[in-house]
$ cat work-v1.txt   # compact mmCIF, C-alpha atoms
# COMPACT_ATOMS: atom_id res chain seq x y z
CA MET A 1 -23.14 -62.44 58.42
CA PHE A 2 -19.48 -62.36 57.41
CA ASN A 3 -19.96 -62.03 53.66
CA ASP A 4 -17.38 -59.30 53.29
CA ILE A 5 -14.45 -61.12 54.95
CA GLY A 6 -11.83 -62.18 52.44
CA ALA A 7 -9.37 -65.06 52.62
CA LEU A 8 -6.47 -62.88 53.79
CA GLU A 9 -8.59 -61.39 56.58
CA LEU A 10 -9.70 -64.86 57.69
CA VAL A 11 -6.09 -66.10 57.81
CA THR A 12 -5.14 -63.01 59.83
CA ILE A 13 -7.92 -63.71 62.35
CA VAL A 14 -6.82 -67.36 62.70
CA VAL A 15 -3.17 -66.36 63.22
CA LEU A 16 -4.15 -63.76 65.82
CA ALA A 17 -6.35 -66.29 67.62
CA ILE A 18 -3.47 -68.78 67.77
CA LEU A 19 -1.12 -66.09 69.07
CA ILE A 20 -3.58 -64.79 71.67
CA PHE A 21 -5.03 -68.06 73.01
CA GLY A 22 -2.26 -70.47 72.08
CA PRO A 23 -2.64 -73.78 70.25
CA ASP A 24 -3.59 -75.61 73.47
CA LYS A 25 -6.53 -73.40 74.51
CA LEU A 26 -7.83 -72.55 71.00
CA PRO A 27 -10.08 -75.67 70.59
CA LYS A 28 -11.72 -75.00 73.97
CA VAL A 29 -12.28 -71.32 73.07
CA ILE A 30 -13.85 -72.33 69.73
CA GLN A 31 -16.18 -74.76 71.54
CA ASP A 32 -17.19 -72.09 74.05
CA VAL A 33 -17.87 -69.51 71.35
CA SER A 34 -19.90 -71.93 69.21
CA GLY A 35 -21.91 -73.00 72.29
CA MET A 36 -22.60 -69.36 73.13
CA ILE A 37 -23.77 -68.69 69.56
CA ARG A 38 -26.12 -71.71 69.75
CA LYS A 39 -27.58 -70.44 73.04
CA LEU A 40 -28.06 -66.94 71.62
CA ARG A 41 -29.85 -68.35 68.57
CA SER A 42 -32.17 -70.49 70.68
CA PHE A 43 -32.86 -67.53 72.99
CA SER A 44 -33.62 -65.36 69.96
CA ASP A 45 -35.93 -67.97 68.42
CA SER A 46 -37.85 -68.43 71.68
CA ALA A 47 -38.19 -64.65 72.08
CA LYS A 48 -39.57 -64.39 68.53
CA GLN A 49 -42.08 -67.15 69.23
CA ASP A 50 -43.17 -65.43 72.47
CA ILE A 51 -43.67 -62.12 70.67
CA ARG A 52 -45.67 -63.77 67.87
CA SER A 53 -47.90 -65.57 70.38
CA GLU A 54 -48.48 -62.36 72.36
CA LEU A 55 -49.35 -60.31 69.26
CA GLY A 56 -52.28 -62.55 68.45
CA PRO A 57 -53.80 -63.98 65.29
CA GLU A 58 -54.03 -60.65 63.44
CA PHE A 59 -50.21 -60.60 63.24
CA LYS A 60 -49.77 -64.21 62.16
CA ASP A 61 -47.91 -63.18 58.98
CA PHE A 62 -45.59 -60.82 60.89
CA GLU A 63 -41.93 -61.34 60.07
CA PHE A 64 -39.11 -59.68 61.98
CA GLU A 65 -37.19 -59.27 58.74
CA ASP A 66 -39.93 -56.82 57.66
CA LEU A 67 -38.66 -54.40 60.30
CA ASN A 68 -35.63 -53.77 58.10
CA PRO A 69 -36.45 -50.51 56.26
CA LYS A 70 -35.36 -51.84 52.85
CA THR A 71 -37.50 -54.96 53.21
CA PHE A 72 -40.46 -52.95 54.52
CA ILE A 73 -40.41 -50.51 51.60
CA ARG A 74 -39.95 -53.29 49.03
CA LYS A 75 -42.88 -55.22 50.52
CA GLN A 76 -45.13 -52.15 50.61
CA LEU A 77 -44.33 -51.27 47.00
CA THR A 78 -44.95 -54.77 45.67
CA GLU A 79 -48.05 -55.68 47.72
CA ASN A 80 -49.94 -52.38 47.67
CA GLU A 81 -53.00 -52.81 45.39
CA ASP A 82 -53.26 -49.10 44.56
CA LEU A 83 -49.68 -49.02 43.34
CA LYS A 84 -50.22 -52.15 41.26
CA GLU A 85 -53.23 -50.49 39.66
CA ILE A 86 -51.29 -47.32 38.89
CA ARG A 87 -48.34 -49.29 37.55
CA SER A 88 -50.56 -51.38 35.28
CA SER A 89 -52.43 -48.32 33.98
CA PHE A 90 -49.20 -46.61 32.98
CA ASP A 91 -47.88 -48.28 29.84
CA LEU A 92 -44.57 -46.70 28.87
CA ARG A 93 -44.43 -48.38 25.46
CA LYS A 94 -47.85 -47.03 24.54
CA GLU A 95 -46.82 -43.53 25.62
CA LEU A 96 -43.60 -43.73 23.61
CA ASN A 97 -45.46 -45.00 20.54
CA ASP A 98 -47.95 -42.12 20.83
CA VAL A 99 -45.13 -39.59 21.03
CA THR A 100 -43.29 -41.21 18.12
CA ASP A 101 -46.45 -41.19 16.01
CA ALA A 102 -47.06 -37.56 16.83
CA VAL A 103 -43.51 -36.60 15.86
CA ASN A 104 -43.55 -38.67 12.67
CA SER A 105 -46.93 -37.32 11.60
CA LYS A 106 -45.72 -33.76 12.19
CA ASP A 107 -42.67 -34.37 10.01
CA ALA A 108 -44.75 -36.00 7.26
CA ALA A 109 -47.43 -33.31 7.16
CA PRO A 110 -46.42 -29.83 6.03
CA ALA A 111 -46.39 -27.25 8.78
CA PRO A 112 -49.19 -24.69 8.64
CA ALA A 113 -48.19 -21.30 7.34
CA ALA A 114 -47.25 -18.99 10.17
CA PRO A 115 -48.39 -15.38 10.14
CA ALA A 116 -45.82 -12.95 8.88
CA THR A 117 -45.89 -10.85 12.02
CA PRO A 118 -46.66 -12.26 15.44
CA ALA A 119 -49.75 -10.93 17.14
CA ALA A 120 -49.35 -8.49 19.96
CA GLY A 121 -48.79 -10.16 23.33
CA THR A 122 -47.50 -13.45 21.93
CA GLY A 123 -43.95 -14.70 22.16
CA PRO A 124 -41.55 -15.44 19.33
CA ASP A 125 -42.48 -18.00 16.72
CA LEU A 126 -40.80 -21.20 17.87
CA VAL A 127 -41.72 -23.13 14.73
CA LYS A 128 -39.64 -20.96 12.40
CA LYS A 129 -35.89 -21.42 12.39
CA PRO A 130 -34.21 -18.20 13.55
CA SER A 131 -32.02 -16.53 10.99
CA ALA A 132 -28.28 -16.42 11.62
CA PRO A 133 -27.09 -13.16 13.14
CA ALA A 134 -25.02 -10.82 11.04
CA PRO A 135 -21.24 -11.33 11.41
CA GLU A 136 -20.80 -8.03 13.23
CA ALA A 137 -23.61 -8.92 15.67
CA ARG A 138 -21.93 -12.13 16.80
CA THR A 139 -20.03 -12.03 20.04
CA PRO A 140 -16.31 -12.52 19.64
CA PHE A 141 -14.76 -15.81 20.72
CA ASP A 142 -12.72 -15.46 23.89
CA ALA A 143 -10.27 -18.36 24.36
CA ASP A 144 -9.44 -17.27 27.92
CA ALA A 145 -13.08 -17.49 29.01
CA THR A 146 -13.40 -21.17 28.17
$ encode --input "work-v1.txt" --output "structure tokens"
Amino acid sequence: MFNDIGALELVTIVVLAILIFGPDKLPKVIQDVSGMIRKLRSFSDSAKQDIRSELGPEFKDFEFEDLNPKTFIRKQLTENEDLKEIRSSFDLRKELNDVTDAVNSKDAAPAPAAPATPAAGTGPDLVKKPSAPAPEARTPFDADAT
């Protein structure tokens, strides 16, 4: 509950409590607060039991912690059979090995000869390395633009 309170913050709270309530009343205030927390916990537990008994046997595995959106999504992702099936059918290592084999086999085998002129309606030949443009065709470097 108070996981993010540091030592300095805790000391500050204790000093403020002593200043506000005084050293004489502080033990009584601590007892009252701890008693109130115990009563709230017992009230909460009895309310949870009442809700579970009213929901019936079909909700016997219902947990109130599942109402937290993070917990709900995590539970749905891990317990859903369709997702488990999809996850097991998708093997990333196999896919990577297939791609690696395809790339390595392409490098090892000579590329087929490309036609000298592309056919009408087709795009540029992406297999051939484009030739370097002539020096006068290059755009000049502009140091102010970068």
$ residues_around --input "work-v1.txt" --residues "Ala17 in chain A" --least-positions-apart "6" --cutoff "12 Å" --atoms "all atoms listed in the file" --output "list in words"
Leu10, Val11, Pro23, Asp24, Lys25, Leu26, Pro27, Val29 and Ile30 of chain A
$ atom_distance --input "work-v1.txt" --atom1 "CA of Ala47 in chain A" --atom2 "CA of Asp32 in chain A"
22.4 Å
$ closest_residue --input "work-v1.txt" --among "A:Ala143, A:Lys48, A:Leu77, A:Glu85" --to "Glu65 in chain A" --atoms "all atoms listed in the file"
A:Lys48
$ atom_distance --input "work-v1.txt" --atom1 "CA of Thr78 in chain A" --atom2 "CA of Glu95 in chain A"
23.1 Å
$ atom_distance --input "work-v1.txt" --atom1 "CA of Phe64 in chain A" --atom2 "CA of Asp45 in chain A"
11.0 Å
